[in-house]
Structure formats: C-alpha cells, structure tokens
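Structure first, then comments.
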Amino acid sequence: MKIVNTIDEVRAQVKQWRAEGLSVGLVPTMGYLHEGHASLIDASHRDNDRTVVSDFVNPMQFGPAEDLESYPRDIEHDAALAEAHGCDLIFHPEPEEMYHEGFSSFVDMTVLTQELCGLSRPVHFRGVCTVVSKLFNIVKPDRAYFGKKDAQQLAVIRHMVDDLNVDIEIIGCPIIREADGLARSSRNTYLSEAERKAALVLSQSIKLGSEMVKKGEADCGKIIEAMKKHISAEPLAKIDYVKIVDLATMQQIEKLDRPALCAIAVFIGKTRLIDNFFTEDI
Ligand code: PAF
C-alpha cells in the first residue's frame with residue numbers, strides 16, 4: 001500500500017491501474033479510521049480490484065464554531081488499519097493541495113440540505129458536496145462507499161451524482177456499532193468516561209423508536225415523543241433534533257406511510273453525535 005499527498009500522484013497510479021484493466025473503489029474519509037471505515041474498505045476491496053482511501057479533514061465542511069482544529073488525526077494508525085483491510089492507496093493531501101489560492105467554485109445543493117444536520121450546520125453540505133466532487137474527479141472511481149450513519153450525507157451524494165450525471169456507483173453501507181450499541185464515530189474519542197456511558201441514550205432511543213415501528217406504530221409524533229423522553233432523562237444529553245423525514249425529500253412527515261428516515265443528533269457534553277434508522281431496514 002502507498003500513501004501519497006498530491007493529486008498528480010493519485011492520477012498517475014489510477015491511470016496505471018486503468019491501463020491494466022482494473023476497477024477502482026473509493027472510500028472517502030476524514031481519517032482517524034475505526035471499524036465503521038474498515039467495513040467500507042472491506043466492501044470496496046470485495047467489489048473492486050483496487051481501493052483508494054482518501055484521508056482528509058475537509059475544512060470546508062466545518063462551521064466557524066465547530067471542531068476543525070481538534071478533529072482527531074493519526075495517519076500512522078489510519079495506514080495500518082486501511083492496509084489490513086485491503087486498501088491499495090491512501091490519498092492524504094494538505095488543505096493547500098485540495099484548495100489552492102483563489103479557489104472559488106462550489107457544489108451547492110438546494111434540496112435535501114435544509115433539514116436535519118443542514119439546519120444545525122448551514123455550511124456543512126456545501127463543503128461535503130464540493131470535496132466529494134473533487135475526490136470523484138481526482139480518483140474517477142467505479143464505485144464510492146459511504147456509511148449509513150451519515151444518512152443525510154448519503155442521500156445528498158446520491159442526489160448530486162444523479163443531478164450532475166456522475167458515472168460512479170454510490171454504495172451505502174450499514175452502521176457499525178460498539179458491542180453496547182454506540183454507533184462508531186471518530187468523535188467518540190472526545191467523550192469522557194461518564195459521557196461515553198451517557199452516549200448510550202442515542203442507540204437506546206434508536207432501538208426504542210425502531211421497536212415501536214416494528215410493532216406497527218405509524219404516528220411519527222408518538223415515536224419522536226418517546227425517543228425524546230428517553231434521551232432527556234440523561235442529564236449529560238442535550239437534543240439537537242429527533243426527526244422523522246421522507247427518505248426521498250428529507251422533509252418531516254407525520255405518518256409512516258412511505259420509506260422514511262428517523263434521525264437524531266444529540267450533544268453529549270460538547271460532543272455532537274448522530275444516529276438513525278431507516279424504516280425500510282426494519
Ligand atoms: O463522511 C465523512 O467522513 C466526510 O463527510 C467525507 C464524505 C469524507 C467528506 O469529507
């Protein structure tokens with residue numbers, strides 16, 4: 001496995017693979033890889049001849065008061081994990097390599113981004129769409145892999161690929177959880193021991209909501225109320241949102257009469273964590 005820092009090096013390697021008739025998968029990440037990322041790399045390794053992992057903390061998707069500076073970084077750890085799961089090339093650029101002086105073109109989406117995380121993080125999806133478009137143009141993969149934990153991001157990227165006629169298959173992969181249910185996230189490393197325990201209210205409320213749906217509850221208000229009640233009982237938790245949205249539009253719905261996403265964002269202390277369930281997965 002190679003680690004490269006420049007766009008030219010990625011292009012030269014992918015060109016060589018293409019000349020050999022090999023297929024290429026891309027796993028875009030912001031590094032500090034965990035088992036969730038490992039499952040994406042495994043999926044790419046299974047589906048493609050070669051796998052590229054991008055490892056780049058993208059400044060453009062962080063708001064001014066967010067955790068860009070403190071976001072965890074460890075390229076040695078990432079390289080070991082990625083290689084063990086079949087990665088062939090890590091692209092680990094500096095911000096200046098991705099955003100040269102005078103950079104001024106953005107990919108902005110006017111639908112799907114106004115609800116959920118888009119409401120709390122107004123610049124986030126513009127940053128995600130812009131960097132993912134750039135990564136697609138740099139690597140030109142056959143397939144790209146994204147986790148379902150970032151459910152809105154997955155929907156936004158599918159929509160962008162469709163809108164802009166990008167010839168890349170987008171693969172969504174299941175949420176990977178710790179043994180006690182907490183969804184894997186690089187941000188879990190911010191949690192103190194007490195916060196780590198408190199963070200279980202996310203997965204517990206997801207389980208509670210999905211069990212209500214399984215039993216036939218179709219009133220979104222009742223499901224949300226039960227989930228909020230469970231989360232609010234934890235003193236270290238502060239709800240950003242608990243919402244049920246139409247999977248196709250990301251707009252809130254009142255009745256479960258179509259494929260839907262139940263998504264939550266909760267602050268545990270200063271750390272904002274997300275989790276979700278898709279009704280079609282129940
Ligand atoms: O999901 C992430 O880690 C990031 O949003 C992504 C897709 C790598 C873009 O920076």
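FYI, nothing fancy with the structure tokens labels: chains A, B, ... in order, residues from 1 per chain, ligands from 1 as they appear.
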Inset, instruction - Select from segment 122-178 of chain A everything DSSP, run on the backbone, classes as strand (DSSP E), then give the selection as a list in words. - result: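 Checking each residue of segment 122-178 of chain A, the strand (DSSP E) ones are Arg143, Ala144, Tyr145, Phe146, Gly147, Glu169, Ile170, Ile171, Gly172 and Cys173 of chain A.
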Inset, instruction - Kindly compile the residues surrounding ligand 1 within 6 Å, counting only C-alpha atoms and all ligand atoms, and format them as a PyMOL selection string. - result: chain A and resi 28-30+58+128+132
Inset, instruction - Please identify which residues in segment 31-216 of chain A DSSP calls alpha helix (DSSP H) from the backbone, and express them as a PyMOL selection string. - result: chain A and resi 35-47+75-84+95-98+116-120+124-139+151-163+193-198+200-214
Please save C-alpha atoms of the selected residues as a CSV table (one decimal), in the first residue's frame.
chain,number,residue,atom,x,y,z
A,35,GLU,CA,-14.4,-0.3,12.4
A,36,GLY,CA,-17.0,1.7,10.5
A,37,HIS,CA,-14.5,2.9,8.0
A,38,ALA,CA,-13.0,-0.7,7.9
A,39,SER,CA,-16.3,-2.1,6.8
A,40,LEU,CA,-16.4,0.4,3.9
A,41,ILE,CA,-12.8,-0.6,2.9
A,42,ASP,CA,-13.8,-4.2,3.2
A,43,ALA,CA,-16.8,-3.6,0.9
A,44,SER,CA,-14.7,-1.8,-1.7
A,45,HIS,CA,-12.0,-4.5,-1.5
A,46,ARG,CA,-14.7,-7.1,-2.2
A,47,ASP,CA,-16.2,-5.2,-5.2
A,75,ILE,CA,-2.1,8.9,9.7
A,76,GLU,CA,0.1,6.0,11.0
A,77,HIS,CA,-2.9,4.4,12.7
A,78,ASP,CA,-5.0,5.0,9.6
A,79,ALA,CA,-2.4,3.5,7.3
A,80,ALA,CA,-2.2,0.3,9.4
A,81,LEU,CA,-5.9,-0.1,9.6
A,82,ALA,CA,-6.5,0.6,5.9
A,83,GLU,CA,-3.8,-1.7,4.7
A,84,ALA,CA,-5.1,-4.5,6.9
A,95,PRO,CA,-5.6,21.6,2.6
A,96,GLU,CA,-3.5,23.7,0.1
A,97,GLU,CA,-3.4,20.7,-2.3
A,98,MET,CA,-7.2,20.5,-2.3
A,116,LEU,CA,-31.7,17.7,9.9
A,117,CYS,CA,-27.9,18.4,10.0
A,118,GLY,CA,-28.3,21.0,7.3
A,119,LEU,CA,-30.3,23.2,9.7
A,120,SER,CA,-27.8,22.9,12.5
A,124,HIS,CA,-21.7,21.6,6.0
A,125,PHE,CA,-23.2,20.0,2.9
A,126,ARG,CA,-21.8,22.6,0.6
A,127,GLY,CA,-18.4,21.6,1.9
A,128,VAL,CA,-19.2,17.9,1.7
A,129,CYS,CA,-20.5,18.1,-1.9
A,130,THR,CA,-17.6,20.2,-3.0
A,131,VAL,CA,-14.9,18.0,-1.6
A,132,VAL,CA,-16.6,14.7,-2.7
A,133,SER,CA,-17.0,16.1,-6.2
A,134,LYS,CA,-13.3,17.0,-6.2
A,135,LEU,CA,-12.4,13.5,-4.9
A,136,PHE,CA,-14.6,11.9,-7.6
A,137,ASN,CA,-12.8,14.0,-10.3
A,138,ILE,CA,-9.3,13.2,-8.9
A,139,VAL,CA,-9.8,9.4,-8.4
A,151,ALA,CA,-27.8,9.1,6.3
A,152,GLN,CA,-28.5,12.6,5.0
A,153,GLN,CA,-25.0,12.8,3.5
A,154,LEU,CA,-25.6,9.6,1.7
A,155,ALA,CA,-28.9,10.9,0.3
A,156,VAL,CA,-27.3,14.2,-0.7
A,157,ILE,CA,-24.4,12.5,-2.5
A,158,ARG,CA,-26.8,10.1,-4.4
A,159,HIS,CA,-28.8,13.2,-5.4
A,160,MET,CA,-25.7,15.1,-6.5
A,161,VAL,CA,-24.4,12.2,-8.6
A,162,ASP,CA,-27.8,12.0,-10.3
A,163,ASP,CA,-28.1,15.7,-10.9
A,193,GLU,CA,-15.9,8.0,30.7
A,194,ALA,CA,-19.1,9.5,32.1
A,195,GLU,CA,-20.0,10.9,28.7
A,196,ARG,CA,-19.3,7.6,27.0
A,197,LYS,CA,-21.9,5.9,29.2
A,198,ALA,CA,-24.4,8.8,28.7
A,200,LEU,CA,-25.8,5.2,25.0
A,201,VAL,CA,-29.0,7.1,25.0
A,202,LEU,CA,-28.6,7.6,21.3
A,203,SER,CA,-28.6,3.9,20.3
A,204,GLN,CA,-31.1,3.1,23.0
A,205,SER,CA,-33.6,5.7,21.7
A,206,ILE,CA,-33.0,4.4,18.1
A,207,LYS,CA,-33.8,0.9,19.4
A,208,LEU,CA,-36.9,2.2,21.2
A,209,GLY,CA,-38.1,4.0,18.1
A,210,SER,CA,-37.5,1.2,15.7
A,211,GLU,CA,-39.2,-1.3,18.0
A,212,MET,CA,-42.3,0.9,18.1
A,213,VAL,CA,-42.3,0.9,14.3
A,214,LYS,CA,-41.8,-2.8,14.2
Inset, instruction - Write out as a list in words which residues come within 10 Å of Thr249 of chain A when counting only C-alpha atoms, dropping same-chain ones fewer than 6 positions away. - result: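 Contacts, in chain order: Val111, Leu112, Thr113, Glu115, Ala155, Val156 and Ala260 of chain A.
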Inset, instruction - Work out how far atom CA of Leu191 of chain A is from atom CA of Phe267 of chain A, in Å to one decimal. - result: 10.7 Å
Inset, instruction - Compare A:Val242, A:Ala248, A:Phe91, A:Thr279 by their minimum atom-to-atom distance to Ile264 of chain A, counting only C-alpha atoms, and give me the closest one. - result: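 Looking at the shortest contact to Ile264 of chain A, the residue is A:Val242.
The closest residue to Ile168 of chain A, picked from A:Asp67, A:Glu217, A:Asp180, A:Asp142 and counting only C-alpha atoms, is A:Asp142.
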